[in-house]
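Shown below: work.tsv, with TSV, C-alpha atoms (C1' of nucleotides).
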```tsv
chain	number	residue	atom	x	y	z
D	13	MET	CA	-31.53	34.66	97.95
D	14	ALA	CA	-34.82	33.40	96.49
D	15	THR	CA	-34.37	35.27	93.23
D	16	ASN	CA	-36.92	34.87	90.47
D	17	ALA	CA	-38.64	31.59	89.71
D	18	THR	CA	-37.40	29.73	92.73
D	19	ARG	CA	-39.99	27.33	94.06
D	20	ALA	CA	-40.95	25.55	90.89
D	21	GLY	CA	-40.06	22.23	92.46
D	22	ALA	CA	-38.01	19.39	91.06
D	23	LEU	CA	-38.12	18.28	87.47
D	24	SER	CA	-40.69	15.88	86.12
D	25	ALA	CA	-39.43	12.52	84.91
D	26	ARG	CA	-39.72	13.70	81.35
D	27	GLU	CA	-37.78	16.87	82.01
D	28	GLU	CA	-35.23	14.99	84.02
D	29	ARG	CA	-34.55	12.58	81.15
D	30	ALA	CA	-34.25	15.39	78.64
D	31	TRP	CA	-31.93	17.50	80.75
D	32	ASP	CA	-29.78	14.62	81.83
D	33	GLY	CA	-29.44	13.36	78.28
D	34	TYR	CA	-28.65	16.76	76.91
D	35	ARG	CA	-26.07	17.41	79.60
D	36	ARG	CA	-24.25	14.19	78.95
D	37	MET	CA	-24.44	14.50	75.20
D	38	GLN	CA	-23.13	18.02	75.12
D	39	SER	CA	-20.22	17.28	77.38
D	40	LEU	CA	-19.07	14.09	75.68
D	41	LEU	CA	-19.84	15.18	72.15
D	42	SER	CA	-17.95	18.41	72.34
D	43	SER	CA	-14.91	16.84	73.90
D	44	GLN	CA	-14.96	14.05	71.34
D	45	LEU	CA	-15.21	16.45	68.41
D	46	ASN	CA	-12.55	18.72	69.78
D	47	ARG	CA	-10.10	15.95	70.58
D	48	GLN	CA	-10.57	14.35	67.21
D	49	LEU	CA	-10.11	17.58	65.30
D	50	ILE	CA	-6.97	18.39	67.21
D	51	GLN	CA	-5.26	15.12	66.64
D	52	GLU	CA	-6.23	14.86	63.00
D	53	THR	CA	-5.43	18.42	62.03
D	54	GLY	CA	-3.61	20.18	64.85
D	55	LEU	CA	-6.43	22.72	65.04
D	56	SER	CA	-8.68	23.12	68.05
D	57	ASP	CA	-12.39	23.85	67.85
D	58	ALA	CA	-11.57	27.42	68.73
D	59	ASP	CA	-8.93	27.70	66.01
D	60	TYR	CA	-11.34	26.24	63.52
D	61	ALA	CA	-14.08	28.70	64.41
D	62	ILE	CA	-11.81	31.68	63.88
D	63	LEU	CA	-10.20	30.36	60.75
D	64	SER	CA	-13.41	29.42	59.03
D	65	ALA	CA	-14.93	32.78	59.82
D	66	LEU	CA	-11.93	34.44	58.22
D	67	LEU	CA	-12.02	32.06	55.28
D	68	ALA	CA	-15.62	33.00	54.57
D	69	ALA	CA	-14.88	36.71	54.73
D	70	PRO	CA	-14.09	38.76	51.61
D	71	GLY	CA	-10.33	38.95	51.21
D	72	HIS	CA	-9.93	36.49	54.08
D	73	ARG	CA	-9.76	39.46	56.42
D	74	LEU	CA	-12.07	40.73	59.12
D	75	ARG	CA	-12.22	43.55	61.59
D	76	GLY	CA	-11.82	42.48	65.21
D	77	LEU	CA	-15.35	43.48	66.07
D	78	ALA	CA	-16.86	41.65	63.12
D	79	LEU	CA	-14.95	38.53	64.08
D	80	ARG	CA	-16.25	38.89	67.59
D	81	CYS	CA	-19.85	38.98	66.40
D	82	GLU	CA	-19.20	36.00	64.22
D	83	VAL	CA	-17.87	33.70	66.92
D	84	GLN	CA	-19.63	35.31	69.88
D	85	TRP	CA	-16.65	35.38	72.19
D	86	GLU	CA	-15.63	37.77	74.91
D	87	LYS	CA	-13.25	40.32	73.55
D	88	SER	CA	-10.40	39.34	75.80
D	89	ARG	CA	-10.73	35.73	74.79
D	90	LEU	CA	-10.55	36.73	71.17
D	91	SER	CA	-7.56	38.92	71.77
D	92	HIS	CA	-5.65	36.23	73.65
D	93	HIS	CA	-6.46	33.58	71.12
D	94	LEU	CA	-5.60	35.70	68.11
D	95	GLY	CA	-2.30	36.51	69.75
D	96	ARG	CA	-1.47	32.83	70.01
D	97	MET	CA	-2.66	32.13	66.49
D	98	GLN	CA	-0.52	34.94	65.20
D	99	ALA	CA	2.46	33.43	66.96
D	100	ARG	CA	1.65	30.15	65.24
D	101	GLY	CA	1.57	31.93	61.89
D	102	LEU	CA	-2.07	31.20	61.15
D	103	VAL	CA	-3.20	34.77	61.19
D	104	LEU	CA	-1.84	38.26	60.70
D	105	ARG	CA	-2.74	41.40	62.58
D	106	GLU	CA	-2.79	44.84	60.95
D	107	ASP	CA	-3.90	48.23	62.14
D	108	CYS	CA	-7.23	49.45	60.91
D	109	VAL	CA	-7.34	52.52	58.68
D	110	GLU	CA	-10.89	53.76	59.22
D	111	ASP	CA	-10.61	53.56	62.99
D	112	SER	CA	-7.17	53.77	64.48
D	113	ARG	CA	-8.29	52.01	67.64
D	114	GLY	CA	-9.29	48.98	65.63
D	115	ALA	CA	-7.46	45.97	64.28
D	116	VAL	CA	-7.86	43.86	61.20
D	117	PHE	CA	-7.02	40.19	61.08
D	118	GLN	CA	-5.98	38.45	57.94
D	119	LEU	CA	-5.69	34.77	57.15
D	120	THR	CA	-2.14	33.78	56.24
D	121	GLU	CA	-1.41	31.27	53.51
D	122	ALA	CA	-0.58	28.68	56.17
D	123	GLY	CA	-3.84	29.48	57.91
D	124	ARG	CA	-5.82	29.06	54.72
D	125	GLU	CA	-4.25	25.71	54.02
D	126	ALA	CA	-4.85	24.57	57.57
D	127	VAL	CA	-8.58	25.30	57.56
D	128	GLU	CA	-9.12	23.88	54.15
D	129	ALA	CA	-7.35	20.72	55.14
D	130	ALA	CA	-9.40	20.51	58.32
D	131	THR	CA	-12.80	21.05	56.80
D	132	ASP	CA	-13.35	17.53	55.54
D	133	ASP	CA	-12.38	15.96	58.84
D	134	ARG	CA	-14.63	18.29	60.71
D	135	VAL	CA	-17.64	17.62	58.53
D	136	ALA	CA	-17.06	13.91	58.62
D	137	ALA	CA	-16.85	13.90	62.41
D	138	VAL	CA	-20.01	15.94	62.77
D	139	ARG	CA	-21.80	13.50	60.53
D	140	THR	CA	-20.46	10.48	62.33
D	141	TYR	CA	-21.31	11.61	65.81
D	142	LEU	CA	-24.42	13.64	65.21
D	143	LEU	CA	-26.07	14.24	61.88
D	144	ASP	CA	-26.00	10.74	60.47
D	145	LEU	CA	-27.58	9.44	63.64
D	146	LEU	CA	-30.70	11.53	63.30
D	147	THR	CA	-33.83	11.28	61.21
D	148	PRO	CA	-34.86	14.34	59.19
D	149	GLU	CA	-37.55	15.00	61.77
D	150	GLN	CA	-34.97	14.92	64.53
D	151	LEU	CA	-32.77	17.31	62.60
D	152	ASP	CA	-35.64	19.74	62.38
D	153	ALA	CA	-36.52	19.24	66.01
D	154	LEU	CA	-32.96	20.09	66.94
D	155	THR	CA	-33.14	23.22	64.85
D	156	GLU	CA	-36.34	24.30	66.53
D	157	ILE	CA	-35.04	23.59	69.98
D	158	SER	CA	-31.88	25.58	69.40
D	159	GLY	CA	-33.95	28.36	67.95
D	160	ALA	CA	-36.10	28.59	71.03
D	161	VAL	CA	-33.15	28.55	73.39
D	162	LEU	CA	-31.17	31.07	71.39
D	163	ALA	CA	-34.15	33.38	71.22
D	164	ARG	CA	-34.47	33.23	74.99
D	165	LEU	CA	-30.78	33.92	75.48
D	166	ALA	CA	-30.84	36.81	73.02
D	167	GLN	CA	-33.74	38.30	74.89
D	168	ASP	CA	-31.60	38.61	78.00
D	169	ASP	CA	-28.46	39.75	76.33
D	170	PRO	CA	-29.25	43.34	75.36
D	171	HIS	CA	-30.62	43.97	78.82
D	172	ARG	CA	-27.61	42.59	80.57
D	173	ARG	CA	-25.49	45.67	80.39
D	174	ALA	CA	-28.33	48.03	81.26
D	175	VAL	CA	-29.36	45.89	84.18
D	176	ALA	CA	-25.82	45.74	85.44
D	177	GLU	CA	-25.57	49.51	85.22
D	178	LEU	CA	-28.81	50.00	87.11
D	179	ALA	CA	-27.90	47.54	89.81
D	180	ARG	CA	-24.62	49.34	90.22
D	181	GLY	CA	-26.65	52.42	91.16
D	182	VAL	CA	-27.57	55.12	88.62
N	11	MET	CA	-5.39	11.69	54.82
N	12	ALA	CA	-8.83	10.63	53.54
N	13	THR	CA	-9.68	8.67	56.65
N	14	ASN	CA	-13.06	7.00	56.88
N	15	ALA	CA	-16.15	8.75	55.58
N	16	THR	CA	-14.34	11.60	53.91
N	17	ARG	CA	-15.96	12.56	50.64
N	18	ALA	CA	-19.51	12.81	51.86
N	19	GLY	CA	-19.61	16.37	50.62
N	20	ALA	CA	-20.89	19.44	52.37
N	21	LEU	CA	-23.93	19.46	54.58
N	22	SER	CA	-27.44	19.82	53.22
N	23	ALA	CA	-29.33	22.95	54.15
N	24	ARG	CA	-31.28	21.01	56.73
N	25	GLU	CA	-28.17	19.55	58.29
N	26	GLU	CA	-26.44	22.88	58.19
N	27	ARG	CA	-29.27	24.56	60.09
N	28	ALA	CA	-29.38	21.83	62.70
N	29	TRP	CA	-25.64	21.77	63.28
N	30	ASP	CA	-25.27	25.51	63.33
N	31	GLY	CA	-28.15	25.90	65.73
N	32	TYR	CA	-26.89	23.19	68.02
N	33	ARG	CA	-23.38	24.60	68.02
N	34	ARG	CA	-24.52	28.06	68.96
N	35	MET	CA	-27.00	26.84	71.55
N	36	GLN	CA	-24.55	24.61	73.31
N	37	SER	CA	-21.88	27.25	73.51
N	38	LEU	CA	-24.08	30.07	74.74
N	39	LEU	CA	-26.30	27.97	76.95
N	40	SER	CA	-23.51	26.33	78.85
N	41	SER	CA	-21.67	29.56	79.44
N	42	GLN	CA	-24.87	31.24	80.57
N	43	LEU	CA	-25.74	28.45	83.00
N	44	ASN	CA	-22.23	28.29	84.35
N	45	ARG	CA	-21.85	32.02	84.80
N	46	GLN	CA	-25.21	32.30	86.50
N	47	LEU	CA	-24.57	29.43	88.87
N	48	ILE	CA	-21.21	30.84	89.85
N	49	GLN	CA	-22.41	34.29	90.67
N	50	GLU	CA	-25.49	33.15	92.49
N	51	THR	CA	-23.90	30.42	94.53
N	52	GLY	CA	-20.13	30.56	94.18
N	53	LEU	CA	-20.15	27.05	92.72
N	54	SER	CA	-19.09	26.25	89.18
N	55	ASP	CA	-20.79	23.68	87.00
N	56	ALA	CA	-17.92	21.36	87.75
N	57	ASP	CA	-18.23	21.87	91.49
N	58	TYR	CA	-21.93	21.24	91.27
N	59	ALA	CA	-21.48	18.02	89.36
N	60	ILE	CA	-19.10	16.61	91.94
N	61	LEU	CA	-21.05	17.80	94.93
N	62	SER	CA	-24.38	16.51	93.75
N	63	ALA	CA	-22.87	13.15	92.92
N	64	LEU	CA	-21.53	12.96	96.46
N	65	LEU	CA	-24.80	14.18	97.91
N	66	ALA	CA	-26.66	11.37	96.18
N	67	ALA	CA	-24.23	8.74	97.43
N	68	PRO	CA	-24.84	6.72	100.62
N	69	GLY	CA	-23.06	8.44	103.48
N	70	HIS	CA	-22.20	11.33	101.16
N	71	ARG	CA	-18.98	9.54	100.31
N	72	LEU	CA	-17.70	7.92	97.16
N	73	ARG	CA	-14.66	6.09	95.99
N	74	GLY	CA	-12.56	8.03	93.47
N	75	LEU	CA	-13.31	5.55	90.73
N	76	ALA	CA	-17.03	5.60	91.34
N	77	LEU	CA	-17.03	9.37	91.24
N	78	ARG	CA	-15.15	9.24	87.98
N	79	CYS	CA	-17.78	6.99	86.42
N	80	GLU	CA	-20.47	9.28	87.70
N	81	VAL	CA	-19.17	12.49	86.19
N	82	GLN	CA	-17.26	10.95	83.29
N	83	TRP	CA	-14.11	12.98	83.70
N	84	GLU	CA	-10.49	12.19	83.03
N	85	LYS	CA	-8.83	10.99	86.17
N	86	SER	CA	-6.34	13.81	86.28
N	87	ARG	CA	-9.06	16.39	85.97
N	88	LEU	CA	-10.89	14.79	88.83
N	89	SER	CA	-7.78	14.70	90.94
N	90	HIS	CA	-6.92	18.33	90.31
N	91	HIS	CA	-10.43	19.50	90.93
N	92	LEU	CA	-10.91	17.50	94.09
N	93	GLY	CA	-7.64	18.95	95.33
N	94	ARG	CA	-8.97	22.46	94.89
N	95	MET	CA	-12.34	21.59	96.39
N	96	GLN	CA	-10.60	20.08	99.38
N	97	ALA	CA	-8.64	23.30	99.82
N	98	ARG	CA	-11.93	25.17	99.75
N	99	GLY	CA	-13.31	22.90	102.43
N	100	LEU	CA	-16.09	21.42	100.33
N	101	VAL	CA	-14.80	17.91	100.35
N	102	LEU	CA	-12.61	15.64	102.40
N	103	ARG	CA	-10.15	13.04	101.19
N	104	GLU	CA	-9.47	9.82	103.07
N	105	ASP	CA	-7.48	6.72	102.29
N	106	CYS	CA	-9.40	3.69	101.19
N	107	VAL	CA	-9.37	0.60	103.38
N	108	GLU	CA	-10.20	-2.14	100.90
N	109	ASP	CA	-7.63	-0.93	98.41
N	110	SER	CA	-4.71	1.05	99.74
N	111	ARG	CA	-4.10	2.64	96.35
N	112	GLY	CA	-7.54	4.11	96.38
N	113	ALA	CA	-9.09	7.20	97.87
N	114	VAL	CA	-12.48	8.02	99.26
N	115	PHE	CA	-14.05	11.45	99.08
N	116	GLN	CA	-16.52	12.69	101.60
N	117	LEU	CA	-18.82	15.68	101.49
N	118	THR	CA	-18.08	18.13	104.30
N	119	GLU	CA	-20.83	19.92	106.13
N	120	ALA	CA	-19.97	23.10	104.25
N	121	GLY	CA	-20.08	21.17	101.01
N	122	ARG	CA	-23.48	19.74	101.80
N	123	GLU	CA	-24.88	23.15	102.60
N	124	ALA	CA	-23.39	24.62	99.44
N	125	VAL	CA	-24.97	22.07	97.10
N	126	GLU	CA	-28.28	22.17	98.79
N	127	ALA	CA	-28.34	25.92	98.58
N	128	ALA	CA	-27.38	25.78	94.92
N	129	THR	CA	-29.92	23.21	93.81
N	130	ASP	CA	-32.88	25.56	93.50
N	131	ASP	CA	-30.95	28.10	91.50
N	132	ARG	CA	-29.66	25.46	89.21
N	133	VAL	CA	-33.06	23.93	88.54
N	134	ALA	CA	-34.62	27.34	88.02
N	135	ALA	CA	-31.97	28.32	85.51
N	136	VAL	CA	-32.32	25.09	83.58
N	137	ARG	CA	-36.05	25.67	83.39
N	138	THR	CA	-35.69	29.27	82.33
N	139	TYR	CA	-33.21	28.70	79.57
N	140	LEU	CA	-34.18	25.26	78.36
N	141	LEU	CA	-36.99	23.16	79.72
N	142	ASP	CA	-39.71	25.77	79.95
N	143	LEU	CA	-39.09	26.75	76.35
N	144	LEU	CA	-39.86	23.34	74.96
N	145	THR	CA	-43.05	21.45	74.24
N	146	PRO	CA	-43.38	17.94	75.66
N	147	GLU	CA	-42.70	16.59	72.18
N	148	GLN	CA	-39.54	18.61	71.98
N	149	LEU	CA	-38.45	17.33	75.36
N	150	ASP	CA	-38.86	13.80	74.13
N	151	ALA	CA	-37.11	14.59	70.88
N	152	LEU	CA	-34.17	15.94	72.84
N	153	THR	CA	-34.06	12.78	74.91
N	154	GLU	CA	-34.06	10.62	71.81
N	155	ILE	CA	-31.40	12.67	70.11
N	156	SER	CA	-29.11	12.52	73.11
N	157	GLY	CA	-29.74	8.84	73.39
N	158	ALA	CA	-28.67	8.23	69.81
N	159	VAL	CA	-25.55	10.33	70.14
N	160	LEU	CA	-24.55	8.83	73.46
N	161	ALA	CA	-25.03	5.34	72.10
N	162	ARG	CA	-22.72	6.16	69.22
N	163	LEU	CA	-20.12	7.60	71.52
N	164	ALA	CA	-20.31	4.64	73.87
N	165	GLN	CA	-19.79	2.34	70.94
N	166	ASP	CA	-16.41	3.90	70.28
N	167	ASP	CA	-15.31	4.23	73.84
N	168	PRO	CA	-14.51	0.67	74.82
N	169	HIS	CA	-12.52	0.26	71.64
N	170	ARG	CA	-10.49	3.35	72.16
N	171	ARG	CA	-7.93	1.91	74.49
N	172	ALA	CA	-7.54	-1.34	72.55
N	173	VAL	CA	-7.17	0.55	69.30
N	174	ALA	CA	-4.60	2.82	70.83
N	175	GLU	CA	-2.63	-0.17	72.05
N	176	LEU	CA	-2.72	-1.82	68.67
N	177	ALA	CA	-1.72	1.32	66.83
N	178	ARG	CA	1.19	1.67	69.21
N	179	GLY	CA	2.43	-1.65	67.86
N	180	VAL	CA	1.77	-5.00	69.58
F	25	DA	C1'	-12.37	73.86	72.24
F	26	DA	C1'	-12.63	71.04	76.53
F	27	DG	C1'	-14.22	67.64	79.28
F	28	DA	C1'	-16.75	63.44	79.87
F	29	DC	C1'	-17.83	59.27	78.23
F	30	DA	C1'	-18.08	55.29	75.06
F	31	DC	C1'	-15.65	52.00	72.45
F	32	DG	C1'	-12.09	48.69	70.29
F	33	DG	C1'	-8.71	46.22	71.84
F	34	DT	C1'	-4.82	44.57	75.09
F	35	DT	C1'	-2.86	42.94	79.35
F	36	DG	C1'	-2.06	40.21	83.70
F	37	DA	C1'	-3.55	37.25	87.04
F	38	DC	C1'	-5.75	33.23	88.14
F	39	DG	C1'	-8.38	28.92	88.05
F	40	DC	C1'	-9.36	25.22	84.87
F	41	DG	C1'	-8.59	20.89	81.67
F	42	DT	C1'	-5.40	17.98	79.17
F	43	DC	C1'	-1.51	15.36	78.33
F	44	DA	C1'	2.23	12.55	79.61
F	45	DA	C1'	5.00	10.94	83.14
F	46	DC	C1'	5.02	9.12	87.42
F	47	DC	C1'	4.27	6.45	92.11
F	48	DA	C1'	2.53	2.96	94.88
F	49	DT	C1'	-0.09	-1.01	95.33
F	50	DA	C1'	-2.50	-5.00	93.62
F	51	DA	C1'	-3.13	-8.95	90.55
F	52	DC	C1'	-1.27	-12.28	87.56
F	53	DG	C1'	1.99	-15.80	85.64
F	54	DC	C1'	5.44	-18.91	86.53
T	8	DG	C1'	8.23	-16.09	96.02
T	9	DC	C1'	9.52	-12.92	92.15
T	10	DG	C1'	9.07	-10.37	88.15
T	11	DT	C1'	5.70	-8.37	85.14
T	12	DT	C1'	1.84	-5.87	84.12
T	13	DA	C1'	-2.42	-3.42	85.23
T	14	DT	C1'	-4.74	-0.14	88.13
T	15	DG	C1'	-6.04	3.99	91.25
T	16	DG	C1'	-4.53	8.12	91.83
T	17	DT	C1'	-1.16	12.28	91.78
T	18	DT	C1'	1.88	15.66	89.71
T	19	DG	C1'	3.81	19.34	86.56
T	20	DA	C1'	3.75	21.77	82.56
T	21	DC	C1'	1.22	24.13	79.36
T	22	DG	C1'	-2.48	26.27	76.67
T	23	DC	C1'	-7.06	28.06	77.41
T	24	DG	C1'	-11.07	31.27	79.18
T	25	DT	C1'	-12.59	34.76	82.40
T	26	DC	C1'	-12.47	38.77	85.00
T	27	DA	C1'	-11.11	43.34	85.99
T	28	DA	C1'	-8.12	46.95	85.01
T	29	DC	C1'	-6.18	49.46	81.58
T	30	DC	C1'	-4.78	52.34	77.17
T	31	DG	C1'	-5.60	55.06	73.30
T	32	DT	C1'	-8.91	56.85	70.22
T	33	DG	C1'	-13.31	58.47	68.70
T	34	DT	C1'	-17.71	60.90	69.90
T	35	DC	C1'	-20.92	63.69	72.16
T	36	DT	C1'	-22.15	67.80	74.94
T	37	DT	C1'	-21.75	72.26	76.00
```
In structure tokens, what does this structure look like?
Amino acid sequence: MATNATRAGALSAREERAWDGYRRMQSLLSSQLNRQLIQETGLSDADYAILSALLAAPGHRLRGLALRCEVQWEKSRLSHHLGRMQARGLVLREDCVEDSRGAVFQLTEAGREAVEAATDDRVAAVRTYLLDLLTPEQLDALTEISGAVLARLAQDDPHRRAVAELARGV
Amino acid sequence: MATNATRAGALSAREERAWDGYRRMQSLLSSQLNRQLIQETGLSDADYAILSALLAAPGHRLRGLALRCEVQWEKSRLSHHLGRMQARGLVLREDCVEDSRGAVFQLTEAGREAVEAATDDRVAAVRTYLLDLLTPEQLDALTEISGAVLARLAQDDPHRRAVAELARGV
DNA sequence: AAGACACGGTTGACGCGTCAACCATAACGC
DNA sequence: GCGTTATGGTTGACGCGTCAACCGTGTCTT
């Protein structure tokens, strides 16, 4: 045990407040937004992410890999979810011509209608429970905070595979 | 359709950045923290939440309801999860004396050791991927933001049941 | 050309979270 | 006391997310 930055001690009061607040907010906010979207539109957060990525794409179609970059999911998650969405008629799977291993996913008409119908609800909810509650300064602060965290996460990510390889003995 | 605050239009660039950043951060950060905790300690985020709530309680035991308030979960989720944790020997279920409907959950010795062992890792990870990346001002901003959002959510919550009742026709 | 390896994507198993239905007990109204 | 309703908690079914194993195809090395 005792990995990297172990003995840094407990959190200061300031840190404690920030972490505790963030933790609670993220858990309640995301479940609220997801629940609300589902019961107003029948689409989950996950559905919405996929569908709006496809909607934004030229021809409403995207290669599997491109979609994966867009939503940042594990490939098996994407595969499972697209399978279900296909069964629901929201999305269509075709084989890829340039690379016969690949797949291309296309928004169906039903899918297009579903996202478009959902967009207003989604935006309204995000305003109600987040954006409208914040001052412009707080909006910017949130942007900066996310930026810092995402940069830190990205910094680890490319290494991850290499590190795993090394640890596994090369 | 056209529920409450529908036609507020799309987001401004500032709002868009903030929302997009937040969305990405919350998704990647929570999966990173959860994954890391699991593989370093064998405890999931959910396990950790329960266990540390119990650890903080007098006698390391808590009534089901109290635990539910603490972690803010749906009662069925709590029940399912405590069932699994009991099977893993982390927690012990007893009948409640004051209220024979109720249940009391007690940290086992194994459970106590598990949380205590996990605490350092957890704190270190939270520092690494969040707290250490932020200035004191950003910490405070995060606290304020969460406060605003949580207040808004709380404002809806008490109503929710009443509203549901009414809608269901009384 | 042949083998090794990387890559895009799928599959199956399993634990998790949600919903709705349920059970037993407690509290309330009369 | 008796029926009604509310409450604490459990259960089962179902869709979701993750992991590890896998399959077929492309790519690189020689």
Residues of chain T within 9 Å of chain N, all atoms listed in the file counted, as a short mmCIF file (atom, residue, chain, number, x, y, z; two decimals) with C-alpha atoms (C1' of nucleotides), in the frame of the given file:
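The new file out.cif reads:
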```cif
data_model
loop_
_atom_site.label_atom_id
_atom_site.label_comp_id
_atom_site.auth_asym_id
_atom_site.auth_seq_id
_atom_site.Cartn_x
_atom_site.Cartn_y
_atom_site.Cartn_z
"C1'" DT T 14 -4.74 -0.14 88.13
"C1'" DG T 15 -6.04 3.99 91.25
"C1'" DG T 16 -4.53 8.12 91.83
"C1'" DT T 17 -1.16 12.28 91.78
#
```
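Taking atom CA of N:Ala134 and atom CA of N:Glu50 as the two end points, the separation is 11.7 Å.
The list of residues within 6 Å of (-4.2, 49.3, 77.6), counted using only C-alpha atoms (C1' of nucleotides), is DT34 of chain F; DC29 and DC30 of chain T.
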What separates atom CA of N:Leu163 and atom CA of D:Val161 is a distance of 24.7 Å
Note to self: Residues of chain N within 6 Å of chain D, counting only C-alpha atoms, what are they? List them as a PyMOL selection string.
What the structure shows: chain N and resi 16+28+31-32+35+134+149+152-153+156+160
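Minimum atom-to-atom distances from F:DC40, F:DA26, F:DA45, F:DC54 to chain N were compared using all atoms listed in the file, and the lowest value belongs to F:DC40.
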Next on the checklist: Please find the residues of chain F near chain N - the criterion being any atom within 10 Å, counting only C-alpha atoms (C1' of nucleotides) - and write them as a list of chain:residue names.
Outcome noted: F:DG39, F:DC40, F:DG41, F:DT42, F:DC43, F:DA48, F:DT49, F:DA50
Selected residues, C-alpha atoms (C1' of nucleotides), written as a short mmCIF file (atom, residue, chain, number, x, y, z; two decimals), in the coordinates of the input, please.
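What landed in selection.cif:
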```cif
data_model
loop_
_atom_site.label_atom_id
_atom_site.label_comp_id
_atom_site.auth_asym_id
_atom_site.auth_seq_id
_atom_site.Cartn_x
_atom_site.Cartn_y
_atom_site.Cartn_z
"C1'" DG F 39 -8.38 28.92 88.05
"C1'" DC F 40 -9.36 25.22 84.87
"C1'" DG F 41 -8.59 20.89 81.67
"C1'" DT F 42 -5.40 17.98 79.17
"C1'" DC F 43 -1.51 15.36 78.33
"C1'" DA F 48 2.53 2.96 94.88
"C1'" DT F 49 -0.09 -1.01 95.33
"C1'" DA F 50 -2.50 -5.00 93.62
#
```
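Excluding N:Arg103 itself and same-chain residues fewer than 4 positions from it, the residues having an atom within 7 Å of it are N:Ala113, N:Val114, N:Phe115, N:Gln116, counting all atoms listed in the file.
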File dump, residues just selected, C-alpha atoms, as a PDB file, in the frame of the given file:
```pdb
ATOM      1  CA  ALA N 113      -9.090   7.200  97.870  1.00  0.00           C
ATOM      2  CA  VAL N 114     -12.480   8.020  99.260  1.00  0.00           C
ATOM      3  CA  PHE N 115     -14.050  11.450  99.080  1.00  0.00           C
ATOM      4  CA  GLN N 116     -16.520  12.690 101.600  1.00  0.00           C
TER       5      GLN N 116
END
```
Atom C1' of F:DA44 to atom CA of D:Ala126 measures 26.1 Å
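A least-squares superposition of chain N onto chain D that uses all C-alpha atoms in sequence order produces an RMSD of 0.1 Å.
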